[in-house]
file model_17.cif (mmCIF, C-alpha atoms)
data_start
#
loop_
_atom_site.label_atom_id
_atom_site.label_comp_id
_atom_site.auth_asym_id
_atom_site.auth_seq_id
_atom_site.Cartn_x
_atom_site.Cartn_y
_atom_site.Cartn_z
CA MET A 1 -6.76 4.35 197.49
CA PRO A 2 -5.32 1.16 195.99
CA LYS A 3 -1.88 0.10 197.16
CA LYS A 4 0.88 0.70 194.67
CA TRP A 5 3.47 -1.55 196.32
CA ILE A 6 2.14 -4.99 197.24
CA VAL A 7 4.05 -6.96 199.88
CA GLU A 8 4.04 -10.70 199.24
CA LEU A 9 6.52 -12.46 201.48
CA SER A 10 7.76 -15.94 200.79
CA GLN A 11 7.56 -18.54 203.55
CA LYS A 12 11.35 -18.25 203.93
CA GLU A 13 11.12 -14.45 204.37
CA ARG A 14 8.30 -14.79 206.93
CA ILE A 15 10.40 -17.25 208.95
CA GLU A 16 13.43 -14.97 208.74
CA LEU A 17 11.38 -11.99 210.00
CA GLU A 18 9.90 -14.02 212.85
CA GLN A 19 13.37 -15.23 213.87
CA LEU A 20 14.69 -11.67 213.74
CA ILE A 21 11.88 -10.55 216.08
CA GLN A 22 12.59 -13.37 218.54
CA LYS A 23 16.38 -12.96 218.44
CA GLY A 24 16.41 -10.15 220.98
CA LYS A 25 19.78 -8.52 220.26
CA VAL A 26 18.65 -6.63 217.18
CA ALA A 27 18.15 -2.90 216.67
CA GLY A 28 14.67 -1.78 217.70
CA TYR A 29 13.89 -0.23 214.33
CA LYS A 30 14.57 -3.56 212.60
CA ILE A 31 12.20 -5.40 214.93
CA ARG A 32 9.53 -2.78 214.31
CA GLN A 33 10.00 -2.95 210.54
CA ALA A 34 9.86 -6.75 210.67
CA HIS A 35 6.54 -6.57 212.54
CA MET A 36 5.14 -4.08 210.03
CA LEU A 37 6.21 -6.20 207.06
CA LEU A 38 4.61 -9.30 208.56
CA GLN A 39 1.33 -7.41 208.99
CA ALA A 40 1.54 -5.92 205.48
CA ASP A 41 2.07 -9.32 203.85
CA GLU A 42 -0.66 -9.98 201.30
CA GLY A 43 0.64 -13.41 200.40
CA GLU A 44 -0.94 -16.74 201.24
CA PHE A 45 -0.18 -16.60 204.98
CA GLY A 46 -0.26 -12.86 205.56
CA PRO A 47 -2.92 -10.87 207.37
CA SER A 48 -2.73 -8.10 204.72
CA TRP A 49 -3.40 -5.19 207.04
CA SER A 50 -3.95 -1.77 205.51
CA ASP A 51 -1.38 0.99 205.92
CA ILE A 52 -3.73 2.76 208.33
CA GLN A 53 -4.07 -0.33 210.54
CA ILE A 54 -0.31 -0.86 210.62
CA ALA A 55 0.37 2.83 211.32
CA GLU A 56 -2.08 2.83 214.24
CA ALA A 57 -0.81 -0.47 215.67
CA TYR A 58 2.86 0.58 215.58
CA ARG A 59 2.28 4.28 216.34
CA THR A 60 3.77 5.63 213.17
CA CYS A 61 2.44 7.49 210.16
CA GLU A 62 1.03 5.98 206.99
CA SER A 63 3.87 7.36 204.88
CA THR A 64 6.37 5.35 206.95
CA VAL A 65 4.46 2.16 206.20
CA ARG A 66 4.09 3.11 202.53
CA ASN A 67 7.84 3.85 202.26
CA LEU A 68 8.64 0.50 203.87
CA ARG A 69 6.44 -1.30 201.32
CA LYS A 70 8.06 0.65 198.51
CA ARG A 71 11.58 -0.14 199.70
CA LEU A 72 10.75 -3.85 199.93
CA VAL A 73 9.29 -3.97 196.42
CA GLU A 74 11.86 -1.76 194.71
CA LYS A 75 15.09 -2.56 196.58
CA GLY A 76 14.54 -6.00 198.05
CA PHE A 77 14.10 -7.81 201.34
CA GLU A 78 17.45 -6.89 202.95
CA SER A 79 17.12 -3.20 202.05
CA ALA A 80 13.67 -3.02 203.63
CA LEU A 81 15.13 -3.91 207.02
CA GLU A 82 17.95 -1.35 206.87
CA ARG A 83 17.71 2.39 207.31
CA GLU A 84 18.25 4.42 204.19
CA LYS A 85 21.48 6.37 204.03
CA GLN A 86 20.95 10.10 204.32
CA THR A 87 22.72 11.67 201.39
CA ASN A 88 21.66 15.30 201.81
CA ARG A 89 23.51 15.97 205.05
CA LYS A 90 26.39 18.40 205.07
CA ILE A 91 28.99 18.28 207.82
CA LYS A 92 29.50 21.76 209.22
CA PHE A 93 32.40 20.98 211.55
CA ASP A 94 35.57 19.04 211.09
CA GLY A 95 37.78 18.39 214.09
CA GLU A 96 39.72 21.61 213.67
CA THR A 97 36.63 23.83 213.45
CA GLU A 98 35.11 22.09 216.45
CA ALA A 99 38.29 22.74 218.46
CA LYS A 100 38.15 26.42 217.49
CA LEU A 101 34.51 26.56 218.61
CA VAL A 102 35.39 25.05 221.99
CA ALA A 103 38.25 27.53 222.40
CA LEU A 104 35.92 30.39 221.51
CA ALA A 105 33.28 29.18 223.98
CA CYS A 106 35.93 29.01 226.73
CA SER A 107 37.16 32.54 226.05
CA GLU A 108 35.79 35.73 227.56
CA PRO A 109 32.33 36.64 226.20
CA PRO A 110 31.85 39.88 224.28
CA GLU A 111 31.53 43.12 226.20
CA GLY A 112 28.05 43.50 227.67
CA TYR A 113 27.48 39.75 228.05
CA SER A 114 28.17 37.61 231.09
CA LYS A 115 28.49 34.37 229.08
CA TRP A 116 28.41 33.01 225.54
CA SER A 117 25.05 32.02 224.08
CA VAL A 118 24.81 29.68 221.12
CA ARG A 119 23.51 32.56 219.01
CA LEU A 120 26.54 34.69 219.94
CA LEU A 121 28.88 31.78 219.17
CA ALA A 122 27.23 31.20 215.79
CA ASN A 123 27.49 34.88 214.86
CA ARG A 124 31.13 35.11 215.99
CA MET A 125 32.08 31.97 214.03
CA VAL A 126 30.75 33.62 210.86
CA GLN A 127 32.52 36.90 211.69
CA LEU A 128 35.81 35.03 212.17
CA ASP A 129 35.34 33.15 208.85
CA MET A 130 35.37 29.77 210.60
CA VAL A 131 32.25 28.88 208.57
CA ASP A 132 30.27 30.58 205.80
CA GLU A 133 27.00 30.23 207.68
CA ILE A 134 25.77 28.30 210.72
CA SER A 135 22.60 28.12 212.75
CA PRO A 136 22.63 28.35 216.54
CA MET A 137 21.11 24.84 216.57
CA SER A 138 24.21 23.45 214.82
CA VAL A 139 26.45 25.12 217.38
#
call {"tool": "encode", "arguments": {"input": "model_17.cif", "output": "structure tokens"}}
result
Amino acid sequence: MPKKWIVELSQKERIELEQLIQKGKVAGYKIRQAHMLLQADEGEFGPSWSDIQIAEAYRTCESTVRNLRKRLVEKGFESALEREKQTNRKIKFDGETEAKLVALACSEPPEGYSKWSVRLLANRMVQLDMVDEISPMSV
């Protein structure tokens, strides 16, 4: 399958990525992305590895490499090195609701139970109208 997003790094960008890798005090994901971009480079000095080769070398999936290429081409060099903001996350607890949950967990468990389970806490929070719905995993 032909690549839709072609990575062609300038000499300046290659140097910047190599310096970022050697710096040391940089987030691990940035170093990893810098390595992947250097291998994906199809410019004059790049090795132009395939997505499969990069994914195998850096123990990730092809879609991660493809998304990195896409971000570089569509949003630019700086954006490719940053994590994308997650916009679809909803916050279930504010400070007040969290305090109520802690108070509930510290209270006596329901009759027939020796202690609170996360499932019991989740169900009780819905019963007490603390939240509309909540999964035990969120609790």
call {"tool": "closest_atom_pairs", "arguments": {"input": "model_17.cif", "of": "stretch 5-38 of chain A", "to": "stretch 42-45 of chain A", "cutoff": "12 Å", "atoms": "only C-alpha atoms", "output": "tab-separated table"}}
result
residue	atom	partner	partner_atom	distance
A:Trp5	CA	A:Glu42	CA	10.6
A:Ile6	CA	A:Glu42	CA	7.0
A:Val7	CA	A:Glu42	CA	5.8
A:Glu8	CA	A:Gly43	CA	4.5
A:Leu9	CA	A:Gly43	CA	6.1
A:Ser10	CA	A:Gly43	CA	7.6
A:Gln11	CA	A:Phe45	CA	8.1
A:Lys12	CA	A:Phe45	CA	11.7
A:Glu13	CA	A:Gly43	CA	11.3
A:Arg14	CA	A:Phe45	CA	8.9
A:Ile15	CA	A:Phe45	CA	11.3
A:Leu37	CA	A:Glu42	CA	9.7
A:Leu38	CA	A:Glu42	CA	9.0
call {"tool": "atom_distance", "arguments": {"input": "model_17.cif", "atom1": "atom CA of A:Val65", "atom2": "atom CA of A:Ile31"}}
result
13.9 Å
call {"tool": "residues_around", "arguments": {"input": "model_17.cif", "residues": "A:Ala105", "least_positions_apart": "2", "cutoff": "9 Å", "atoms": "all atoms listed in the file", "output": "list of chain:residue names"}}
result
A:Lys100, A:Leu101, A:Val102, A:Ala103, A:Ser107, A:Glu108, A:Pro109, A:Lys115, A:Trp116, A:Ser117, A:Val118, A:Leu121
call {"tool": "resolve_selection", "arguments": {"input": "model_17.cif", "expression": "the PyMOL selection byres ((chain A and resi 90-99) around 10)", "output": "PyMOL selection string"}}
result
chain A and resi 86-89+100-105+125+130-134+138-139
call {"tool": "closest_atom_pairs", "arguments": {"input": "model_17.cif", "of": "stretch 35-60 of chain A", "to": "stretch 68-74 of chain A", "cutoff": "10 Å", "atoms": "all atoms listed in the file", "output": "JSON lines"}}
result
{"residue": "A:Met36", "atom": "CA", "partner": "A:Leu68", "partner_atom": "CA", "distance": 8.4}
{"residue": "A:Leu37", "atom": "CA", "partner": "A:Arg69", "partner_atom": "CA", "distance": 7.6}
{"residue": "A:Ala40", "atom": "CA", "partner": "A:Arg69", "partner_atom": "CA", "distance": 7.9}
{"residue": "A:Asp41", "atom": "CA", "partner": "A:Arg69", "partner_atom": "CA", "distance": 9.5}
{"residue": "A:Asp51", "atom": "CA", "partner": "A:Arg69", "partner_atom": "CA", "distance": 9.4}
call {"tool": "atom_distance", "arguments": {"input": "model_17.cif", "atom1": "atom CA of A:Arg119", "atom2": "atom CA of A:Ser135"}}
result
7.7 Å
